[in-house]
file work.csv (CSV, C-alpha atoms and all ligand atoms)
chain,number,residue,atom,x,y,z
M,788,MET,CA,-19.5,-24.3,23.0
M,789,LYS,CA,-20.0,-27.9,23.8
M,790,PRO,CA,-19.1,-30.2,20.9
M,791,GLY,CA,-22.3,-31.1,19.1
M,792,HIS,CA,-24.2,-28.0,20.4
M,793,SER,CA,-26.1,-26.6,17.5
M,794,LEU,CA,-25.8,-23.0,16.1
M,795,MET,CA,-24.0,-20.4,18.1
M,796,LYS,CA,-26.3,-17.6,19.4
M,797,HIS,CA,-25.4,-14.2,20.6
M,798,TYR,CA,-27.6,-12.3,23.1
M,799,LEU,CA,-27.3,-8.7,21.9
M,800,GLN,CA,-30.9,-7.6,21.9
M,801,PHE,CA,-34.0,-9.0,23.6
M,802,LYS,CA,-35.5,-10.0,20.2
M,803,ASP,CA,-32.5,-12.4,19.7
M,804,LEU,CA,-34.5,-15.1,21.4
M,805,ARG,CA,-38.1,-16.3,20.7
M,806,ALA,CA,-41.0,-16.5,23.1
M,807,GLU,CA,-40.6,-20.3,23.5
M,808,GLU,CA,-36.9,-19.8,24.3
M,809,TYR,CA,-37.9,-17.3,27.0
M,810,ALA,CA,-40.4,-19.8,28.4
M,811,TYR,CA,-37.5,-22.4,28.6
M,812,LEU,CA,-35.2,-19.8,30.2
M,813,PHE,CA,-37.7,-18.7,32.9
M,814,GLU,CA,-38.2,-22.4,33.9
M,815,ARG,CA,-34.4,-23.1,33.9
M,816,THR,CA,-33.9,-20.0,36.0
M,817,ARG,CA,-36.5,-21.1,38.5
M,818,ILE,CA,-34.7,-24.5,38.9
M,819,ILE,CA,-31.2,-22.9,39.1
M,820,LYS,CA,-32.3,-20.4,41.7
M,821,THR,CA,-34.0,-23.0,43.8
M,822,ARG,CA,-30.9,-25.2,43.8
M,823,PHE,CA,-28.7,-22.2,44.8
M,824,LYS,CA,-31.1,-21.3,47.6
M,825,ASN,CA,-30.9,-24.9,48.9
M,826,TYR,CA,-27.1,-24.9,48.8
M,827,GLU,CA,-27.1,-27.6,46.1
M,828,ARG,CA,-23.9,-27.6,44.0
M,829,TYR,CA,-24.5,-27.1,40.3
M,830,THR,CA,-21.3,-26.7,38.2
M,831,PRO,CA,-22.0,-27.4,34.5
M,832,LEU,CA,-19.5,-24.8,33.4
M,833,VAL,CA,-16.3,-26.3,34.9
M,834,ASP,CA,-13.3,-25.2,32.7
M,835,ARG,CA,-15.4,-22.6,30.9
M,836,THR,CA,-14.3,-19.0,31.0
M,837,LEU,CA,-16.3,-15.7,30.6
M,838,ALA,CA,-14.5,-12.6,29.5
M,839,MET,CA,-16.2,-9.4,30.8
M,840,ILE,CA,-15.4,-6.2,29.0
M,841,PHE,CA,-16.6,-3.0,30.7
M,842,GLU,CA,-16.3,0.4,29.0
M,843,LYS,CA,-18.8,1.9,31.5
M,844,ALA,CA,-19.2,1.6,35.3
M,845,SER,CA,-21.1,-1.3,36.8
M,846,THR,CA,-22.0,-2.9,40.2
M,847,ARG,CA,-24.9,-5.3,39.5
M,848,THR,CA,-23.8,-6.5,36.1
M,849,ARG,CA,-20.3,-7.3,37.2
M,850,VAL,CA,-21.1,-9.0,40.5
M,851,SER,CA,-24.0,-11.0,39.0
M,852,PHE,CA,-22.1,-12.4,36.1
M,853,GLU,CA,-18.9,-12.9,38.1
M,854,ALA,CA,-20.6,-14.6,41.0
M,855,GLY,CA,-22.9,-16.6,38.7
M,856,MET,CA,-20.0,-17.9,36.6
M,857,TYR,CA,-18.0,-19.0,39.6
M,858,GLN,CA,-21.1,-20.7,41.1
M,859,MET,CA,-21.5,-22.7,37.9
M,860,GLY,CA,-17.9,-23.9,38.2
M,861,GLY,CA,-16.4,-21.5,35.6
M,862,SER,CA,-14.1,-18.5,35.9
M,863,VAL,CA,-14.0,-15.0,34.6
M,864,VAL,CA,-11.5,-12.5,33.1
M,865,HIS,CA,-12.4,-8.8,33.8
M,866,LEU,CA,-11.2,-6.2,31.3
M,867,THR,CA,-11.8,-2.5,31.0
M,868,THR,CA,-10.9,-0.2,28.1
M,869,GLY,CA,-8.3,1.6,30.3
M,870,ASP,CA,-6.4,-1.6,31.1
M,871,SER,CA,-6.5,-3.4,27.8
M,872,GLN,CA,-5.3,-2.7,24.3
M,873,MET,CA,-8.8,-1.8,23.3
M,874,GLY,CA,-8.3,1.5,24.9
M,875,ARG,CA,-5.2,2.0,22.8
M,876,SER,CA,-7.0,1.7,19.5
M,877,GLU,CA,-6.6,-2.0,18.8
M,878,PRO,CA,-9.4,-2.7,16.2
M,879,ILE,CA,-12.5,-4.2,17.9
M,880,GLU,CA,-12.5,-6.9,15.2
M,881,ASP,CA,-9.0,-8.0,16.2
M,882,SER,CA,-9.8,-7.9,19.9
M,883,ALA,CA,-12.9,-10.1,19.1
M,884,ARG,CA,-10.8,-12.6,17.1
M,885,VAL,CA,-8.2,-12.9,19.9
M,886,ILE,CA,-10.3,-12.9,23.0
M,887,SER,CA,-12.8,-15.4,21.5
M,888,ARG,CA,-10.1,-17.9,20.9
M,889,MET,CA,-9.3,-18.1,24.6
M,890,VAL,CA,-12.6,-17.9,26.3
M,891,ASP,CA,-16.0,-19.5,25.9
M,892,LEU,CA,-18.3,-16.5,26.4
M,893,VAL,CA,-17.9,-12.7,26.2
M,894,LEU,CA,-19.9,-10.1,28.1
M,895,ILE,CA,-19.6,-6.5,26.9
M,896,ARG,CA,-20.9,-3.2,28.3
M,897,THR,CA,-20.2,-0.4,25.9
M,898,TYR,CA,-21.5,2.8,24.2
M,899,GLU,CA,-22.9,2.4,20.6
M,900,HIS,CA,-24.7,-0.9,19.9
M,901,ALA,CA,-22.8,-1.0,16.6
M,902,LYS,CA,-19.6,-1.7,18.6
M,903,ILE,CA,-20.9,-4.9,20.2
M,904,ALA,CA,-22.4,-5.9,16.9
M,905,ARG,CA,-18.9,-5.6,15.3
M,906,PHE,CA,-17.4,-7.6,18.1
M,907,ALA,CA,-20.0,-10.3,17.8
M,908,ALA,CA,-19.5,-10.5,14.0
M,909,HIS,CA,-15.9,-11.5,14.6
M,910,SER,CA,-16.3,-13.7,17.7
M,911,ARG,CA,-16.0,-17.4,17.7
M,912,VAL,CA,-18.1,-17.6,20.9
M,913,PRO,CA,-21.4,-16.2,22.1
M,914,VAL,CA,-21.4,-12.5,23.0
M,915,ILE,CA,-23.8,-11.1,25.7
M,916,ASN,CA,-24.9,-7.5,25.9
M,917,GLY,CA,-24.3,-6.1,29.4
M,918,LEU,CA,-25.7,-2.7,28.3
M,919,THR,CA,-25.3,-0.5,25.4
M,920,ASN,CA,-26.6,3.0,24.7
M,921,GLU,CA,-29.6,1.4,23.0
M,922,PHE,CA,-30.3,-1.8,24.9
M,923,HIS,CA,-30.1,-3.7,28.2
M,924,PRO,CA,-31.6,-7.1,27.6
M,925,CYS,CA,-30.2,-9.0,30.6
M,926,GLN,CA,-32.0,-6.4,32.9
M,927,ILE,CA,-35.3,-6.9,31.2
M,928,LEU,CA,-34.9,-10.7,31.4
M,929,ALA,CA,-34.5,-10.3,35.2
M,930,ASP,CA,-37.4,-7.9,35.4
M,931,LEU,CA,-39.7,-10.3,33.6
M,932,PHE,CA,-38.6,-13.2,35.8
M,933,THR,CA,-39.2,-11.1,38.9
M,934,PHE,CA,-42.7,-10.2,37.6
M,935,ILE,CA,-43.5,-13.9,37.0
M,936,GLU,CA,-42.2,-14.9,40.4
M,937,HIS,CA,-44.5,-12.4,42.1
M,938,ARG,CA,-47.6,-12.7,39.9
M,939,ALA,CA,-47.8,-16.0,38.0
M,940,ALA,CA,-49.8,-17.7,40.7
M,941,GLY,CA,-49.8,-21.1,39.0
M,942,ALA,CA,-50.1,-19.7,35.4
M,943,SER,CA,-47.4,-20.4,32.9
M,944,ALA,CA,-44.7,-17.7,32.5
M,945,LEU,CA,-45.9,-16.6,29.1
M,946,ASP,CA,-49.5,-16.5,30.1
M,947,CYS,CA,-48.6,-14.4,33.1
M,948,LEU,CA,-47.0,-11.8,30.8
M,949,ARG,CA,-49.5,-11.8,27.9
M,950,GLY,CA,-51.9,-8.9,27.8
M,951,LYS,CA,-50.3,-7.1,30.8
M,952,VAL,CA,-49.6,-3.3,30.8
M,953,VAL,CA,-46.2,-2.0,31.8
M,954,ALA,CA,-45.9,1.8,32.5
M,955,TRP,CA,-42.6,3.3,31.5
M,956,VAL,CA,-42.1,6.8,33.1
M,957,GLY,CA,-39.0,8.7,32.2
M,958,ASP,CA,-36.3,8.6,29.5
M,959,GLY,CA,-36.8,6.9,26.2
M,960,ASN,CA,-33.4,5.1,26.8
M,961,ASN,CA,-31.8,1.7,26.5
M,962,MET,CA,-34.2,0.2,29.1
M,963,ALA,CA,-37.3,1.7,27.4
M,964,ASN,CA,-36.2,0.3,24.0
M,965,THR,CA,-35.7,-3.1,25.5
M,966,TRP,CA,-39.1,-3.1,27.2
M,967,LEU,CA,-40.6,-2.4,23.7
M,968,GLN,CA,-38.8,-5.4,22.2
M,969,ALA,CA,-39.9,-7.6,25.1
M,970,ALA,CA,-43.5,-6.4,24.7
M,971,GLU,CA,-43.4,-7.3,21.0
M,972,VAL,CA,-41.9,-10.7,21.6
M,973,LEU,CA,-44.0,-11.7,24.6
M,974,GLY,CA,-47.3,-9.9,23.8
M,975,PHE,CA,-47.8,-7.2,26.4
M,976,THR,CA,-48.2,-3.4,26.1
M,977,VAL,CA,-45.9,-0.6,27.3
M,978,HIS,CA,-47.4,2.8,28.2
M,979,VAL,CA,-44.6,5.2,27.6
M,980,SER,CA,-44.5,8.7,29.0
M,981,THR,CA,-41.4,10.8,28.5
M,982,PRO,CA,-40.7,14.5,28.4
M,983,GLY,CA,-40.9,16.1,24.9
M,984,GLY,CA,-37.7,15.4,23.0
M,985,TYR,CA,-36.8,12.2,25.0
M,986,GLY,CA,-39.3,9.8,23.5
M,987,VAL,CA,-38.7,6.3,22.1
M,988,ASP,CA,-38.0,5.9,18.4
M,989,PRO,CA,-39.3,2.6,17.1
M,990,LYS,CA,-36.4,2.4,14.6
M,991,VAL,CA,-33.8,2.7,17.3
M,992,ALA,CA,-35.8,0.3,19.5
M,993,GLY,CA,-35.7,-2.2,16.8
M,994,ILE,CA,-39.4,-3.1,16.8
M,995,SER,CA,-41.4,-4.1,13.7
M,996,SER,CA,-44.6,-2.1,14.5
M,997,ALA,CA,-45.9,0.4,17.0
M,998,ASP,CA,-48.7,-2.0,18.2
M,999,CYS,CA,-46.8,-2.9,21.4
M,1000,TYR,CA,-46.8,0.6,23.0
M,1001,LYS,CA,-48.9,3.7,23.6
M,1002,VAL,CA,-47.5,7.2,24.2
M,1003,PHE,CA,-48.9,9.4,27.0
M,1004,ASP,CA,-47.9,13.0,27.6
M,1005,ASP,CA,-49.0,12.8,31.2
M,1006,PRO,CA,-47.1,10.2,33.3
M,1007,LEU,CA,-50.1,9.8,35.6
M,1008,GLU,CA,-52.2,8.6,32.7
M,1009,ALA,CA,-49.5,6.2,31.6
M,1010,CYS,CA,-49.7,4.5,35.0
M,1011,ARG,CA,-53.5,4.2,35.0
M,1012,GLY,CA,-54.4,0.5,35.4
M,1013,ALA,CA,-50.8,-0.7,34.8
M,1014,HIS,CA,-49.7,-4.0,36.3
M,1015,LEU,CA,-46.1,-2.8,36.6
M,1016,VAL,CA,-44.7,0.7,36.9
M,1017,THR,CA,-41.1,1.2,36.1
M,1018,THR,CA,-38.5,4.0,35.6
M,1019,ASP,CA,-34.8,4.6,35.3
M,1020,VAL,CA,-32.3,7.4,35.9
M,1021,TRP,CA,-32.9,10.7,34.0
M,1022,THR,CA,-29.3,10.8,32.8
M,1023,SER,CA,-27.8,7.5,31.5
M,1024,MET,CA,-24.1,6.7,31.4
M,1025,GLY,CA,-22.6,8.6,28.5
M,1026,TYR,CA,-25.0,11.5,28.6
M,1027,GLU,CA,-23.6,13.3,31.7
M,1028,ALA,CA,-23.0,16.5,29.7
M,1029,GLU,CA,-26.8,16.8,29.4
M,1030,ASN,CA,-27.5,16.4,33.1
M,1031,GLU,CA,-28.4,20.0,33.9
M,1032,THR,CA,-30.9,20.3,31.0
M,1033,ARG,CA,-32.4,16.9,31.8
M,1034,MET,CA,-32.9,17.7,35.5
M,1035,LYS,CA,-35.3,20.5,34.4
M,1036,ALA,CA,-37.0,18.6,31.6
M,1037,PHE,CA,-37.7,15.5,33.7
M,1038,ALA,CA,-38.9,17.2,36.9
M,1039,ASP,CA,-42.5,16.0,36.4
M,1040,TRP,CA,-41.4,12.4,35.5
M,1041,CYS,CA,-40.9,11.2,39.1
M,1042,VAL,CA,-42.8,8.1,40.1
M,1043,ASP,CA,-44.7,8.9,43.2
M,1044,ALA,CA,-47.5,7.6,45.4
M,1045,GLU,CA,-50.2,9.2,43.2
M,1046,MET,CA,-48.9,7.4,40.2
M,1047,MET,CA,-48.8,4.1,42.1
M,1048,ALA,CA,-52.3,4.7,43.3
M,1049,ALA,CA,-53.5,5.2,39.6
M,1050,ALA,CA,-51.9,1.8,38.7
M,1051,ALA,CA,-53.7,-1.5,39.3
M,1052,PRO,CA,-54.2,-2.2,43.0
M,1053,ASP,CA,-51.5,-5.0,43.0
M,1054,ALA,CA,-49.1,-3.1,40.7
M,1055,LEU,CA,-45.4,-3.7,41.2
M,1056,PHE,CA,-42.7,-1.1,41.0
M,1057,MET,CA,-39.3,-1.8,39.4
M,1058,HIS,CA,-36.1,0.1,38.8
M,1059,CYS,CA,-33.0,-1.4,37.3
M,1060,LEU,CA,-30.8,0.6,39.7
M,1061,PRO,CA,-28.8,2.6,40.6
M,1062,ALA,CA,-31.6,4.9,41.7
M,1063,HIS,CA,-31.8,8.6,42.6
M,1064,ARG,CA,-34.5,9.0,45.3
M,1065,GLY,CA,-36.2,12.3,44.8
M,1066,GLU,CA,-35.5,12.4,41.1
M,1067,GLU,CA,-37.0,9.6,39.0
M,1068,VAL,CA,-38.7,8.0,42.0
M,1069,THR,CA,-39.7,9.1,45.5
M,1070,ALA,CA,-38.2,7.3,48.5
M,1071,GLU,CA,-41.8,6.4,49.5
M,1072,VAL,CA,-42.3,4.4,46.3
M,1073,ILE,CA,-38.9,2.7,45.9
M,1074,ASP,CA,-38.7,1.8,49.6
M,1075,GLY,CA,-42.5,1.0,49.8
M,1076,PRO,CA,-44.5,-2.2,49.8
M,1077,GLN,CA,-45.1,-2.4,46.0
M,1078,SER,CA,-41.4,-2.1,45.2
M,1079,VAL,CA,-39.5,-5.3,44.2
M,1080,VAL,CA,-36.2,-3.7,43.3
M,1081,TRP,CA,-34.0,-5.9,45.5
M,1082,ASP,CA,-35.5,-9.1,44.1
M,1083,GLU,CA,-35.1,-7.6,40.7
M,1084,ALA,CA,-31.4,-7.0,41.3
M,1085,GLU,CA,-30.8,-10.5,42.8
M,1086,ASN,CA,-32.6,-12.1,39.9
M,1087,ARG,CA,-30.0,-10.7,37.5
M,1088,MET,CA,-27.7,-13.4,38.7
M,1089,HIS,CA,-30.2,-16.2,38.4
M,1090,VAL,CA,-31.5,-15.4,34.9
M,1091,GLN,CA,-27.9,-14.9,33.7
M,1092,LYS,CA,-26.9,-18.3,35.0
M,1093,GLY,CA,-29.8,-19.7,33.0
M,1094,LEU,CA,-28.7,-17.6,29.9
M,1095,MET,CA,-25.0,-18.7,30.1
M,1096,GLU,CA,-26.1,-22.3,30.5
M,1097,TYR,CA,-28.3,-22.0,27.4
M,1098,LEU,CA,-25.8,-20.3,25.2
M,1099,LEU,CA,-23.0,-22.7,26.1
M,1100,LEU,CA,-24.8,-26.1,26.6
M,1101,GLY,CA,-28.1,-25.6,24.8
M,1102,ARG,CA,-31.3,-27.2,26.3
M,1103,ILE,CA,-30.7,-29.4,29.2
M,1104,GLY,CA,-32.5,-32.8,29.3
O,1,LIG,N1,-28.8,-2.4,36.5
O,1,LIG,C1,-27.5,-2.5,36.2
O,1,LIG,O1,-27.2,-2.9,35.1
O,1,LIG,O2,-26.7,-2.1,37.2
O,1,LIG,P1,-25.1,-1.8,37.1
O,1,LIG,O3,-24.9,-0.6,36.2
O,1,LIG,O4,-24.7,-1.6,38.5
O,1,LIG,O5,-24.5,-3.0,36.4
O,2,LIG,N1,-30.1,3.7,31.6
O,2,LIG,C1,-29.1,3.5,32.5
O,2,LIG,C2,-29.1,2.1,33.1
O,2,LIG,C3,-28.1,1.7,34.1
O,2,LIG,C4,-28.1,0.3,34.6
O,2,LIG,C5,-27.7,3.7,31.9
O,2,LIG,O1,-27.5,3.4,30.7
O,2,LIG,O2,-26.9,4.4,32.5
call {"tool": "encode", "arguments": {"input": "work.csv", "output": "structure tokens"}}
result
Amino acid sequence: MKPGHSLMKHYLQFKDLRAEEYAYLFERTRIIKTRFKNYERYTPLVDRTLAMIFEKASTRTRVSFEAGMYQMGGSVVHLTTGDSQMGRSEPIEDSARVISRMVDLVLIRTYEHAKIARFAAHSRVPVINGLTNEFHPCQILADLFTFIEHRAAGASALDCLRGKVVAWVGDGNNMANTWLQAAEVLGFTVHVSTPGGYGVDPKVAGISSADCYKVFDDPLEACRGAHLVTTDVWTSMGYEAENETRMKAFADWCVDAEMMAAAAPDALFMHCLPAHRGEEVTAEVIDGPQSVVWDEAENRMHVQKGLMEYLLLGRIG
């Protein structure tokens, strides 16, 4: 980190930052995105290096972090378990000690959250969660920025989110858990509808009370009046062995036109992608006028540029 920059922060869960830090990040993202769209050079991370460690597949996370880091003047090192000593049982603590002496930031996509927490505990530099079984904070950061871009209409970012209803239809997975944390930090409500046995667990989600969400057996009821309807794959990475059982259990948790019609008239649809049309969402909805999934994907890059700037340089100006 920059000499003189105060305490080192990791970004492992959404709740690692406070509401006022999110307000700052949303504003920085807006500025950074505008500069990029205007072809204005902005390279505050010259000579800085990001190590990206992937234990699971990725398209968006890899491209958005890699392109974003280069655009800011830095460089990246890409590692997978298969092509590093981490795949040959080098202790995660030792990997963290070594890698973090050579780079300025580390991004990790892995399985159990405990693994990234162990890495972070032994890292000299900030660690960013690029998805674990339990959380996907960078995605929700992008989703919230996308919502604000489409719906703030002059209001502040935090006012735009406060009091809103987000309908979560599908698996009680890493995305759902992160939505709950975001609701608790930023003051909105999540309507959660999952098949029996796939619900969210507040302990796993890491929220302090159940006030930020309501559970609905019927996904249509969860969508009623919602300002945002969102879903994700029925089978997340690492759970492929359960795919057949899940296909049956989730059959009624497909976001369709009827659910969108039950939501608020100007409701947005989001999906972190990759999507399976005909499973968790119909083609009509994901390719329809309320869907903002391509903005959502693009915004991964812009919010993460704001995040990397914040973790390395602190507040600008
Ligand atoms: N949404 C998301 O994280 O996509 P990738 O798995 O392609 O990185
Ligand atoms: N819940 C999904 C998200 C993919 C970006 C998974 O973990 O596979």
call {"tool": "residues_around", "arguments": {"input": "work.csv", "residues": "region 913-930 of chain M", "least_positions_apart": "4", "cutoff": "7 Å", "atoms": "only C-alpha atoms", "output": "PyMOL selection string"}}
result
chain M and resi 795-801+848+892-900+907+934+960-962+964-966+1059+1083+1086-1087+1090+1098
call {"tool": "write_last_selection", "arguments": {"input": "work.csv", "atoms": "C-alpha atoms", "output": "PDB file, keeping the file's coordinate frame"}}
result
ATOM      1  CA  MET M 795     -24.000 -20.400  18.100  1.00  0.00           C
ATOM      2  CA  LYS M 796     -26.300 -17.600  19.400  1.00  0.00           C
ATOM      3  CA  HIS M 797     -25.400 -14.200  20.600  1.00  0.00           C
ATOM      4  CA  TYR M 798     -27.600 -12.300  23.100  1.00  0.00           C
ATOM      5  CA  LEU M 799     -27.300  -8.700  21.900  1.00  0.00           C
ATOM      6  CA  GLN M 800     -30.900  -7.600  21.900  1.00  0.00           C
ATOM      7  CA  PHE M 801     -34.000  -9.000  23.600  1.00  0.00           C
ATOM      8  CA  THR M 848     -23.800  -6.500  36.100  1.00  0.00           C
ATOM      9  CA  LEU M 892     -18.300 -16.500  26.400  1.00  0.00           C
ATOM     10  CA  VAL M 893     -17.900 -12.700  26.200  1.00  0.00           C
ATOM     11  CA  LEU M 894     -19.900 -10.100  28.100  1.00  0.00           C
ATOM     12  CA  ILE M 895     -19.600  -6.500  26.900  1.00  0.00           C
ATOM     13  CA  ARG M 896     -20.900  -3.200  28.300  1.00  0.00           C
ATOM     14  CA  THR M 897     -20.200  -0.400  25.900  1.00  0.00           C
ATOM     15  CA  TYR M 898     -21.500   2.800  24.200  1.00  0.00           C
ATOM     16  CA  GLU M 899     -22.900   2.400  20.600  1.00  0.00           C
ATOM     17  CA  HIS M 900     -24.700  -0.900  19.900  1.00  0.00           C
ATOM     18  CA  ALA M 907     -20.000 -10.300  17.800  1.00  0.00           C
ATOM     19  CA  PHE M 934     -42.700 -10.200  37.600  1.00  0.00           C
ATOM     20  CA  ASN M 960     -33.400   5.100  26.800  1.00  0.00           C
ATOM     21  CA  ASN M 961     -31.800   1.700  26.500  1.00  0.00           C
ATOM     22  CA  MET M 962     -34.200   0.200  29.100  1.00  0.00           C
ATOM     23  CA  ASN M 964     -36.200   0.300  24.000  1.00  0.00           C
ATOM     24  CA  THR M 965     -35.700  -3.100  25.500  1.00  0.00           C
ATOM     25  CA  TRP M 966     -39.100  -3.100  27.200  1.00  0.00           C
ATOM     26  CA  CYS M1059     -33.000  -1.400  37.300  1.00  0.00           C
ATOM     27  CA  GLU M1083     -35.100  -7.600  40.700  1.00  0.00           C
ATOM     28  CA  ASN M1086     -32.600 -12.100  39.900  1.00  0.00           C
ATOM     29  CA  ARG M1087     -30.000 -10.700  37.500  1.00  0.00           C
ATOM     30  CA  VAL M1090     -31.500 -15.400  34.900  1.00  0.00           C
ATOM     31  CA  LEU M1098     -25.800 -20.300  25.200  1.00  0.00           C
TER      32      LEU M1098
END
call {"tool": "atom_distance", "arguments": {"input": "work.csv", "atom1": "CA of Ser910 (chain M)", "atom2": "CA of Ser851 (chain M)"}}
result
22.8 Å
call {"tool": "atom_distance", "arguments": {"input": "work.csv", "atom1": "CA of Leu832 (chain M)", "atom2": "CA of Gly860 (chain M)"}}
result
5.1 Å
call {"tool": "residues_near_point", "arguments": {"input": "work.csv", "point": "(-38.9, -14.6, 24.9)", "cutoff": "10 Å", "atoms": "only C-alpha atoms", "output": "PyMOL selection string"}}
result
chain M and resi 801-813+928+931+945+968-974
call {"tool": "atom_distance", "arguments": {"input": "work.csv", "atom1": "atom P1 of ligand LIG 1 (chain O)", "atom2": "CA of Thr846 (chain M)"}}
result
4.5 Å
call {"tool": "closest_residue", "arguments": {"input": "work.csv", "among": "M:Leu1099, M:Ile819, M:Leu967, M:Ala942", "to": "Lys990 (chain M)", "atoms": "only C-alpha atoms"}}
result
M:Leu967
call {"tool": "closest_residue", "arguments": {"input": "work.csv", "among": "M:Arg835, M:Lys1035, M:Lys843, M:His865", "to": "Val912 (chain M)", "atoms": "only C-alpha atoms"}}
result
M:Arg835
call {"tool": "closest_residue", "arguments": {"input": "work.csv", "among": "M:Pro1061, M:Pro982, M:Gly950, M:Gly993", "to": "ligand LIG 1 (chain O)", "atoms": "only C-alpha atoms and all ligand atoms"}}
result
M:Pro1061
